[in-house]
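Q: Dropping in entry_22.cif, which is mmCIF, C-alpha atoms:
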```cif
data_start
#
loop_
_atom_site.label_atom_id
_atom_site.label_comp_id
_atom_site.auth_asym_id
_atom_site.auth_seq_id
_atom_site.Cartn_x
_atom_site.Cartn_y
_atom_site.Cartn_z
CA MET A 244 -10.85 2.07 -45.42
CA VAL A 245 -12.60 2.38 -42.06
CA PRO A 246 -16.21 2.87 -40.94
CA PHE A 247 -16.76 6.52 -39.94
CA ALA A 248 -20.11 8.12 -39.02
CA GLY A 249 -21.97 5.50 -41.08
CA TRP A 250 -19.68 5.88 -44.11
CA SER A 251 -16.71 3.91 -45.37
CA MET A 252 -13.80 6.36 -45.38
CA PRO A 253 -10.14 6.24 -46.42
CA ILE A 254 -7.53 6.55 -43.64
CA GLN A 255 -4.89 6.86 -46.34
CA TYR A 256 -4.38 6.45 -50.09
CA ARG A 257 -1.07 5.41 -51.66
CA ASP A 258 1.03 7.86 -49.61
CA SER A 259 1.80 7.34 -45.93
CA ILE A 260 0.11 9.62 -43.39
CA MET A 261 3.51 11.30 -42.78
CA ASP A 262 4.13 11.96 -46.49
CA SER A 263 0.54 13.13 -47.08
CA THR A 264 0.71 15.63 -44.21
CA VAL A 265 3.99 17.13 -45.41
CA ASN A 266 2.81 17.19 -49.05
CA CYS A 267 -0.33 19.13 -48.13
CA ARG A 268 1.80 21.95 -46.68
CA ALA A 269 4.40 21.81 -49.50
CA ASN A 270 2.05 21.30 -52.46
CA GLY A 271 -1.55 20.34 -51.81
CA SER A 272 -4.13 17.77 -50.79
CA LEU A 273 -7.55 16.79 -52.07
CA PHE A 274 -9.93 15.29 -49.48
CA ASP A 275 -13.19 13.50 -50.19
CA VAL A 276 -15.39 14.94 -47.41
CA ALA A 277 -18.71 14.06 -49.06
CA HIS A 278 -19.83 12.46 -45.77
CA MET A 279 -20.32 15.94 -44.28
CA CYS A 280 -23.81 17.42 -44.31
CA GLY A 281 -24.48 20.63 -46.24
CA LEU A 282 -27.79 22.44 -45.85
CA SER A 283 -29.44 25.74 -46.72
CA LEU A 284 -31.82 27.76 -44.55
CA LYS A 285 -34.08 30.02 -46.59
CA GLY A 286 -36.75 32.58 -45.88
CA ARG A 287 -37.25 36.01 -44.28
CA GLY A 288 -36.55 34.49 -40.86
CA ALA A 289 -33.37 32.58 -41.82
CA ILE A 290 -30.99 34.89 -39.91
CA PRO A 291 -33.03 35.43 -36.69
CA PHE A 292 -33.78 31.69 -36.63
CA LEU A 293 -30.13 30.64 -36.97
CA GLU A 294 -29.05 33.27 -34.42
CA SER A 295 -31.34 31.62 -31.85
CA LEU A 296 -29.21 28.44 -32.19
CA VAL A 297 -25.61 29.66 -32.74
CA VAL A 298 -23.21 32.17 -31.14
CA ALA A 299 -22.27 34.04 -34.35
CA ASP A 300 -23.45 37.51 -35.34
CA VAL A 301 -24.90 36.21 -38.61
CA ALA A 302 -26.70 39.48 -39.43
CA ALA A 303 -23.37 41.37 -39.44
CA LEU A 304 -21.84 39.11 -42.12
CA ARG A 305 -21.62 40.69 -45.56
CA ASP A 306 -23.31 38.72 -48.35
CA GLY A 307 -20.87 36.11 -49.63
CA THR A 308 -18.88 35.84 -46.39
CA GLY A 309 -18.89 33.28 -43.61
CA THR A 310 -17.48 32.20 -40.28
CA LEU A 311 -16.96 29.27 -37.95
CA THR A 312 -19.71 29.03 -35.36
CA VAL A 313 -21.00 26.74 -32.61
CA PHE A 314 -24.50 25.32 -32.04
CA THR A 315 -25.13 25.44 -28.28
CA ASN A 316 -27.49 23.66 -25.88
CA GLU A 317 -29.38 25.13 -22.89
CA GLN A 318 -26.34 24.52 -20.64
CA GLY A 319 -24.06 26.45 -23.01
CA GLY A 320 -22.36 23.25 -24.22
CA ALA A 321 -21.46 22.63 -27.86
CA ILE A 322 -23.88 20.50 -29.89
CA ASP A 323 -21.62 20.91 -32.94
CA ASP A 324 -19.31 23.36 -34.66
CA SER A 325 -20.22 24.47 -38.17
CA VAL A 326 -18.94 26.64 -41.01
CA ILE A 327 -21.73 28.99 -42.09
CA ALA A 328 -21.97 31.39 -45.03
CA LYS A 329 -24.44 34.22 -45.54
CA VAL A 330 -25.43 33.96 -49.20
CA THR A 331 -28.09 36.70 -48.84
CA ASP A 332 -30.27 37.99 -45.98
CA HIS A 333 -32.72 35.20 -46.86
CA HIS A 334 -30.28 32.33 -47.54
CA ILE A 335 -27.69 30.80 -45.21
CA TYR A 336 -25.53 27.86 -46.31
CA LEU A 337 -23.92 25.71 -43.63
CA VAL A 338 -22.01 22.46 -43.24
CA VAL A 339 -22.29 20.26 -40.15
CA ASN A 340 -20.23 17.25 -39.07
CA ALA A 341 -21.23 13.82 -40.38
CA GLY A 342 -21.03 12.27 -36.91
CA CYS A 343 -23.48 14.89 -35.60
CA ARG A 344 -25.84 14.90 -38.58
CA ASP A 345 -28.83 13.10 -37.03
CA LYS A 346 -28.56 15.01 -33.75
CA ASP A 347 -28.05 18.39 -35.48
CA LEU A 348 -30.87 17.95 -37.97
CA ALA A 349 -33.33 16.84 -35.26
CA HIS A 350 -32.30 19.86 -33.15
CA ILE A 351 -32.66 22.33 -36.05
CA GLU A 352 -35.97 20.81 -37.19
CA ALA A 353 -37.58 20.91 -33.73
CA HIS A 354 -36.63 24.57 -33.27
CA MET A 355 -37.66 25.42 -36.85
CA GLU A 356 -41.17 24.02 -36.25
CA ALA A 357 -41.52 26.10 -33.07
CA PHE A 358 -40.14 29.20 -34.85
CA ASN A 359 -42.58 28.86 -37.77
CA LYS A 360 -45.53 28.16 -35.45
CA LYS A 361 -44.90 31.60 -33.93
CA GLY A 362 -45.18 33.19 -37.37
CA GLY A 363 -41.54 32.84 -38.42
CA ASP A 364 -40.58 32.16 -42.05
CA VAL A 365 -37.76 29.66 -42.52
CA LYS A 366 -37.44 26.41 -44.43
CA TRP A 367 -34.49 24.18 -45.17
CA HIS A 368 -32.99 22.15 -47.98
CA ILE A 369 -30.53 19.36 -47.12
CA HIS A 370 -28.02 19.05 -49.96
CA ASP A 371 -27.93 15.25 -50.19
CA ASP A 372 -27.73 15.69 -53.97
CA ARG A 373 -24.29 17.32 -53.59
CA SER A 374 -20.82 16.12 -52.54
CA LEU A 375 -18.05 18.03 -50.78
CA LEU A 376 -14.38 18.10 -51.80
CA ALA A 377 -11.70 19.95 -49.80
CA LEU A 378 -8.71 21.27 -51.76
CA GLN A 379 -5.95 22.49 -49.41
CA GLY A 380 -2.39 23.77 -49.61
CA PRO A 381 -0.31 26.32 -51.56
CA LEU A 382 -1.30 24.82 -54.94
CA ALA A 383 -5.04 24.90 -54.13
CA ALA A 384 -5.75 28.33 -55.64
CA PRO A 385 -3.47 28.10 -58.70
CA THR A 386 -4.86 24.64 -59.54
CA LEU A 387 -8.52 25.60 -59.06
CA GLN A 388 -8.00 28.80 -61.07
CA LEU A 389 -7.30 26.65 -64.14
CA LEU A 390 -10.86 25.25 -63.86
CA THR A 391 -12.89 28.46 -63.41
CA LYS A 392 -13.31 31.92 -65.02
CA GLU A 393 -13.95 33.50 -61.59
CA ASP A 394 -10.95 35.52 -60.28
CA LEU A 395 -10.03 33.60 -57.11
CA SER A 396 -7.49 36.26 -56.06
CA LYS A 397 -10.49 38.46 -55.12
CA MET A 398 -11.92 35.75 -52.86
CA TYR A 399 -10.56 35.77 -49.31
CA PHE A 400 -10.59 33.43 -46.30
CA SER A 401 -14.22 32.52 -45.35
CA ASP A 402 -15.68 34.05 -48.54
CA PHE A 403 -18.46 32.11 -50.31
CA LYS A 404 -19.51 32.11 -53.98
CA MET A 405 -21.77 30.11 -56.27
CA ILE A 406 -19.67 29.62 -59.40
CA ASP A 407 -18.99 27.23 -62.27
CA ILE A 408 -15.94 25.02 -61.80
CA ASN A 409 -15.04 22.75 -64.72
CA GLY A 410 -18.55 23.53 -66.03
CA TYR A 411 -20.33 22.33 -62.85
CA ALA A 412 -22.50 24.57 -60.64
CA CYS A 413 -20.53 24.67 -57.36
CA PHE A 414 -20.76 26.34 -53.96
CA LEU A 415 -17.22 27.48 -53.16
CA THR A 416 -15.98 28.50 -49.69
CA ARG A 417 -12.39 29.61 -49.09
CA THR A 418 -11.90 27.60 -45.92
CA GLY A 419 -10.63 24.26 -44.70
CA TYR A 420 -9.41 22.16 -41.82
CA THR A 421 -5.63 22.14 -42.29
CA GLY A 422 -4.41 25.67 -41.46
CA GLU A 423 -3.43 26.05 -45.12
CA ASP A 424 -5.10 28.23 -47.74
CA GLY A 425 -7.73 26.26 -49.58
CA PHE A 426 -11.33 25.67 -50.57
CA GLU A 427 -14.30 23.49 -49.77
CA ILE A 428 -16.20 22.74 -52.97
CA SER A 429 -19.81 21.56 -52.95
CA VAL A 430 -20.49 19.95 -56.33
CA PRO A 431 -23.48 18.01 -57.72
CA SER A 432 -22.76 14.38 -56.78
CA GLU A 433 -22.90 13.14 -60.38
CA ASN A 434 -19.95 15.49 -61.19
CA ALA A 435 -17.86 14.85 -58.06
CA VAL A 436 -15.54 12.16 -59.43
CA ASP A 437 -14.97 14.09 -62.68
CA LEU A 438 -14.12 17.26 -60.73
CA ALA A 439 -11.74 15.40 -58.40
CA GLU A 440 -9.97 13.87 -61.41
CA ALA A 441 -9.73 17.27 -63.14
CA ILE A 442 -8.17 18.87 -60.02
CA LEU A 443 -5.60 16.08 -59.65
CA GLU A 444 -4.75 16.18 -63.36
CA ARG A 445 -4.38 19.99 -63.52
CA SER A 446 -1.99 19.93 -60.54
CA GLU A 447 0.32 17.62 -62.57
CA GLY A 448 0.36 15.08 -59.74
CA LYS A 449 1.45 17.53 -57.02
CA VAL A 450 -1.95 17.70 -55.34
CA ARG A 451 -2.51 14.22 -53.89
CA LEU A 452 -5.60 12.40 -52.66
CA THR A 453 -5.37 12.49 -48.86
CA GLY A 454 -7.27 10.49 -46.23
CA LEU A 455 -8.54 10.91 -42.68
CA GLY A 456 -5.16 10.08 -41.09
CA ALA A 457 -3.35 13.12 -42.52
CA ARG A 458 -6.50 15.22 -42.11
CA ASP A 459 -6.24 14.61 -38.36
CA SER A 460 -2.48 15.41 -38.21
CA LEU A 461 -3.02 18.60 -40.22
CA ARG A 462 -5.89 19.93 -38.11
CA LEU A 463 -4.01 19.10 -34.89
CA GLU A 464 -0.92 20.99 -36.12
CA ALA A 465 -3.26 23.90 -36.94
CA GLY A 466 -4.74 23.78 -33.41
CA LEU A 467 -8.27 23.09 -34.70
CA CYS A 468 -10.92 21.25 -32.66
CA LEU A 469 -12.33 17.86 -33.64
CA TYR A 470 -15.92 17.56 -32.43
CA GLY A 471 -16.30 14.50 -30.21
CA ASN A 472 -12.68 14.85 -29.01
CA ASP A 473 -11.87 18.49 -28.26
CA MET A 474 -15.44 19.74 -28.13
CA GLU A 475 -18.46 17.97 -26.69
CA GLN A 476 -21.94 18.60 -25.27
CA HIS A 477 -20.51 19.58 -21.86
CA ILE A 478 -17.79 21.94 -23.17
CA THR A 479 -18.68 25.59 -23.86
CA PRO A 480 -17.21 27.67 -26.70
CA VAL A 481 -15.42 29.81 -24.06
CA GLU A 482 -13.72 26.77 -22.50
CA ALA A 483 -12.82 25.56 -26.01
CA GLY A 484 -10.99 28.82 -26.78
CA LEU A 485 -13.61 29.91 -29.33
CA SER A 486 -14.70 33.14 -27.58
CA TRP A 487 -13.61 35.02 -30.74
CA ALA A 488 -16.53 33.34 -32.57
CA ILE A 489 -19.10 34.96 -30.23
CA GLY A 490 -20.11 38.19 -31.98
CA LYS A 491 -19.91 41.54 -30.12
CA ARG A 492 -23.67 42.12 -30.45
CA ARG A 493 -24.35 38.56 -29.23
CA ARG A 494 -22.22 39.22 -26.11
CA ALA A 495 -24.41 42.23 -25.36
CA GLU A 496 -27.79 40.74 -26.26
CA GLY A 497 -27.44 36.95 -25.83
CA GLY A 498 -30.48 35.35 -27.43
CA PHE A 499 -28.91 31.93 -28.17
CA LEU A 500 -29.32 28.72 -26.16
CA GLY A 501 -27.18 28.68 -23.00
CA ALA A 502 -26.35 32.39 -23.37
CA ASP A 503 -26.57 33.01 -19.60
CA VAL A 504 -23.85 30.40 -18.90
CA ILE A 505 -21.61 31.55 -21.77
CA LEU A 506 -21.90 35.30 -21.07
CA LYS A 507 -21.11 34.67 -17.39
CA GLN A 508 -17.98 32.72 -18.41
CA LEU A 509 -16.92 35.57 -20.71
CA GLN A 510 -17.11 37.96 -17.74
CA GLU A 511 -15.66 35.77 -15.00
CA GLY A 512 -13.43 33.44 -17.02
CA PRO A 513 -14.00 29.67 -17.41
CA LYS A 514 -12.83 27.08 -14.85
CA ILE A 515 -11.11 24.98 -17.53
CA ARG A 516 -9.42 25.91 -20.81
CA ARG A 517 -8.29 24.18 -23.99
CA VAL A 518 -4.51 24.32 -24.44
CA GLY A 519 -1.83 23.03 -26.78
CA MET A 520 1.10 21.01 -25.50
CA VAL A 521 4.40 19.60 -26.68
CA THR A 522 4.91 16.23 -24.97
CA GLN A 523 7.84 13.85 -24.41
CA GLY A 524 7.80 10.04 -24.45
CA PRO A 525 5.25 8.14 -26.56
CA PRO A 526 2.55 10.35 -28.17
CA ALA A 527 -0.24 11.26 -25.74
CA ARG A 528 -3.69 10.18 -26.89
CA SER A 529 -7.26 11.15 -26.07
CA HIS A 530 -8.01 10.71 -22.30
CA SER A 531 -4.33 10.66 -21.26
CA GLU A 532 -4.28 12.23 -17.79
CA LEU A 533 -2.55 15.58 -17.14
CA VAL A 534 -1.04 16.22 -13.71
CA SER A 535 0.84 19.12 -12.10
CA GLY A 536 4.42 18.87 -10.82
CA SER A 537 3.02 18.04 -7.37
CA GLY A 538 0.96 15.16 -8.80
CA GLU A 539 -2.47 16.87 -8.70
CA ARG A 540 -4.80 15.87 -11.54
CA ILE A 541 -5.43 19.05 -13.54
CA GLY A 542 -7.04 17.82 -16.76
CA GLU A 543 -6.76 15.46 -19.71
CA VAL A 544 -5.60 15.24 -23.30
CA THR A 545 -8.36 15.29 -25.93
CA SER A 546 -6.22 14.88 -29.10
CA GLY A 547 -2.58 14.00 -29.58
CA GLY A 548 -0.05 12.48 -31.92
CA PHE A 549 3.28 12.85 -33.66
CA SER A 550 3.52 15.98 -35.81
CA PRO A 551 4.89 15.01 -39.24
CA CYS A 552 5.86 18.65 -39.96
CA LEU A 553 7.45 19.51 -36.59
CA LYS A 554 8.86 16.00 -35.96
CA LYS A 555 7.74 16.01 -32.32
CA ASN A 556 4.73 14.98 -30.23
CA ILE A 557 1.94 17.53 -29.92
CA ALA A 558 -1.38 17.38 -28.12
CA MET A 559 -4.32 19.48 -27.04
CA GLY A 560 -6.50 19.08 -24.02
CA TYR A 561 -8.20 20.82 -21.09
CA VAL A 562 -6.52 22.06 -17.91
CA LYS A 563 -7.69 24.02 -14.88
CA SER A 564 -7.56 27.79 -15.42
CA GLY A 565 -4.26 29.11 -14.13
CA MET A 566 -2.37 26.15 -15.61
CA HIS A 567 -3.18 27.28 -19.16
CA LYS A 568 -0.42 29.84 -19.78
CA ALA A 569 2.25 29.09 -22.42
CA GLY A 570 5.39 27.70 -20.78
CA THR A 571 3.54 25.97 -17.91
CA GLU A 572 5.21 22.61 -17.22
CA LEU A 573 2.96 19.57 -16.72
CA LYS A 574 3.20 15.81 -16.70
CA VAL A 575 1.23 13.60 -19.07
CA VAL A 576 0.45 10.01 -18.09
CA VAL A 577 0.76 7.54 -20.98
CA ARG A 578 0.22 3.82 -20.25
CA GLY A 579 0.77 4.37 -16.52
CA LYS A 580 4.04 6.34 -16.86
CA SER A 581 4.54 10.12 -16.45
CA TYR A 582 6.31 12.18 -19.12
CA ASP A 583 7.14 15.87 -19.38
CA ALA A 584 4.77 18.21 -21.21
CA VAL A 585 4.79 21.98 -21.68
CA VAL A 586 1.85 24.22 -22.55
CA THR A 587 2.43 25.78 -25.99
CA LYS A 588 0.63 28.45 -27.98
CA MET A 589 -1.50 27.19 -30.89
CA PRO A 590 -1.43 26.84 -33.84
CA PHE A 591 1.67 24.65 -33.61
CA VAL A 592 2.30 25.26 -37.35
CA PRO A 593 1.64 28.84 -38.57
CA THR A 594 -1.61 29.17 -40.52
CA LYS A 595 -1.55 30.45 -44.11
CA TYR A 596 -5.12 31.67 -44.63
CA TYR A 597 -5.52 33.98 -47.63
CA LYS A 598 -6.55 37.39 -46.24
CA PRO A 599 -6.50 40.93 -47.64
CA SER A 600 -2.98 42.33 -47.08
#
```
Mind turning this structure into structure tokens?
A:
Amino acid sequence: MVPFAGWSMPIQYRDSIMDSTVNCRANGSLFDVAHMCGLSLKGRGAIPFLESLVVADVAALRDGTGTLTVFTNEQGGAIDDSVIAKVTDHHIYLVVNAGCRDKDLAHIEAHMEAFNKKGGDVKWHIHDDRSLLALQGPLAAPTLQLLTKEDLSKMYFSDFKMIDINGYACFLTRTGYTGEDGFEISVPSENAVDLAEAILERSEGKVRLTGLGARDSLRLEAGLCLYGNDMEQHITPVEAGLSWAIGKRRRAEGGFLGADVILKQLQEGPKIRRVGMVTQGPPARSHSELVSGSGERIGEVTSGGFSPCLKKNIAMGYVKSGMHKAGTELKVVVRGKSYDAVVTKMPFVPTKYYKPS
């Protein structure tokens, strides 16, 4: 157990980080992510209010669907990334990172007060009465199906539903942080342990409790950002390779914080870009320096480690534009020594999201 964002969290359970990572992709993993902060925005102004703070085209989402988005600041930098779901035109459900909770809630609250003072209609409910479980891997859907009457085969990647699971009123989103198919399940806290036990039991021991160590390996293999490492207040969504999350209408109209900076970057291209790399030598870690063949400093690693599934070192980081193309050869400096690195397309491990065929 380790302290994490004010919580005590498991790095690993009985299985090693290596075994847990491989088992998630072969069978399945259950993560206790109850430290994350779920909230609902409700009211006639819920969508226009949220659109003033994030880059997504929330209005264009069909009811019961969602997306990844980014909260931006006036400079276009990322305050946090968040998975949002449009329940109805008057109800948005979102989950923000535990480490950003205080900052995010203060930011949302300040803007909500200003919005309502101008005649807007939005209020919030923070779901501190609920816990979040993440069920990931090929056995996620077949196992969860045994605990609900809802036909999960009709629910696709990023879809959201309020349904009964094992008799408990849950918010279910078909999403995750591993690159595998899976679900994030918001459950009343008094039922969380019972639901976790039911999932593990129904999988006949194949779905295993999995900690933060494997969670990090899995998201790195999937090429997904970790806020605080690969995304920070001074990094824009365009630099982070999340331009796809900026809706078409939002590109035309702007209307979110820092839109001028972000829209300019979309037109002219950013000066730095997030890339994936395969590295030699010891695993590169956050802040390892990246240099060109001629020894010029061109960026730094933001996340790195040994990939349990690929059996080689992988990393992601930021490099100067022009050095970001797949196949570009770099050097990474680890403990004062230079090692070979090559820019590689992400995800490193193919994603298996459940989408309509």
Q: Starting from the displayed file, determine the output of the PyMOL selection byres ((chain A and resi 473) around 10) and express the residue list as a list in words.
A: Leu467, Cys468, Leu469, Tyr470, Gly471, Asn472, Met474, Glu475, Ile478, Ala483, Arg517, Ser529, Val544, Thr545, Ser546, Met559, Gly560 and Tyr561 of chain A
Q: What does the distance from CA of Phe314 in chain A to CA of Gln476 in chain A come to in Å, to one decimal?
A: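 Calculated distance between CA of Phe314 in chain A and CA of Gln476 in chain A is 9.9 Å.
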Q: Let me make sure I understand: among A:Val298, A:Val265, A:Ile428, A:Ala277, which one has the smallest atom-to-atom distance to Phe499 in chain A if we use only C-alpha atoms?
A: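 Smallest distance to Phe499 in chain A is found for A:Val298.
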Q: Just how far from CA of Pro480 in chain A is CA of Asp347 in chain A, in Å to one decimal?
A: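 CA of Pro480 in chain A lies at a distance of 16.8 Å from CA of Asp347 in chain A.
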Q: I want to know what sits within 7 Å of Ala383 in chain A, based on all atoms listed in the file, with residues of the same chain fewer than 4 positions away left out; could you give that as an NGL selection string?
A: :A and (271 or 378-379 or 387 or 425)
Q: For each of A:Gly419, A:Pro246, A:Gly363, A:Pro385, take the minimum atom-to-atom distance to Thr594 in chain A, counting all atoms listed in the file, then give the residue where this is smallest.
A: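 Of A:Gly419, A:Pro246, A:Gly363, A:Pro385, the one nearest Thr594 in chain A, counting all atoms listed in the file, is A:Gly419.
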Q: Excluding range 548-558 of chain A and residues on its chain fewer than 4 positions from it, collect all residues at most 12 Å away from it, counting all atoms listed in the file, and give them as a VMD selection string.
A: chain A and resid 259 to 269 456 to 468 472 to 473 517 to 533 543 to 544 575 582 to 593
Q: So, with all atoms listed in the file as the atoms that count, which of A:Thr310, A:Thr421, A:Ser535, A:Ser325 lies closest to Tyr596 in chain A?
A: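 Nearest candidate to Tyr596 in chain A out of A:Thr310, A:Thr421, A:Ser535, A:Ser325: A:Thr421.
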Q: Given the block above, output range 378-406 of chain A with C-alpha atoms as a CSV table (one decimal), in the first residue's frame.
A:
```csv
chain,number,residue,atom,x,y,z
A,378,LEU,CA,-13.4,-4.1,-14.7
A,379,GLN,CA,-11.1,-4.6,-17.7
A,380,GLY,CA,-10.0,-7.3,-20.1
A,381,PRO,CA,-11.6,-9.9,-22.4
A,382,LEU,CA,-13.6,-11.5,-19.5
A,383,ALA,CA,-15.0,-8.1,-18.4
A,384,ALA,CA,-18.2,-8.3,-20.4
A,385,PRO,CA,-19.0,-12.0,-20.1
A,386,THR,CA,-18.4,-11.8,-16.3
A,387,LEU,CA,-20.5,-8.6,-15.8
A,388,GLN,CA,-23.3,-10.1,-18.0
A,389,LEU,CA,-23.8,-12.8,-15.3
A,390,LEU,CA,-24.7,-10.0,-12.8
A,391,THR,CA,-27.2,-7.9,-14.9
A,392,LYS,CA,-30.3,-8.4,-17.0
A,393,GLU,CA,-29.2,-5.5,-19.4
A,394,ASP,CA,-27.9,-6.8,-22.7
A,395,LEU,CA,-24.3,-5.6,-22.6
A,396,SER,CA,-23.6,-6.6,-26.3
A,397,LYS,CA,-25.7,-3.5,-27.3
A,398,MET,CA,-23.5,-1.2,-25.2
A,399,TYR,CA,-20.4,0.1,-27.1
A,400,PHE,CA,-17.2,1.8,-26.2
A,401,SER,CA,-17.9,5.1,-24.3
A,402,ASP,CA,-21.7,4.3,-23.8
A,403,PHE,CA,-23.2,5.1,-20.5
A,404,LYS,CA,-26.2,3.5,-18.7
A,405,MET,CA,-27.9,3.6,-15.3
A,406,ILE,CA,-28.6,-0.1,-14.6
```
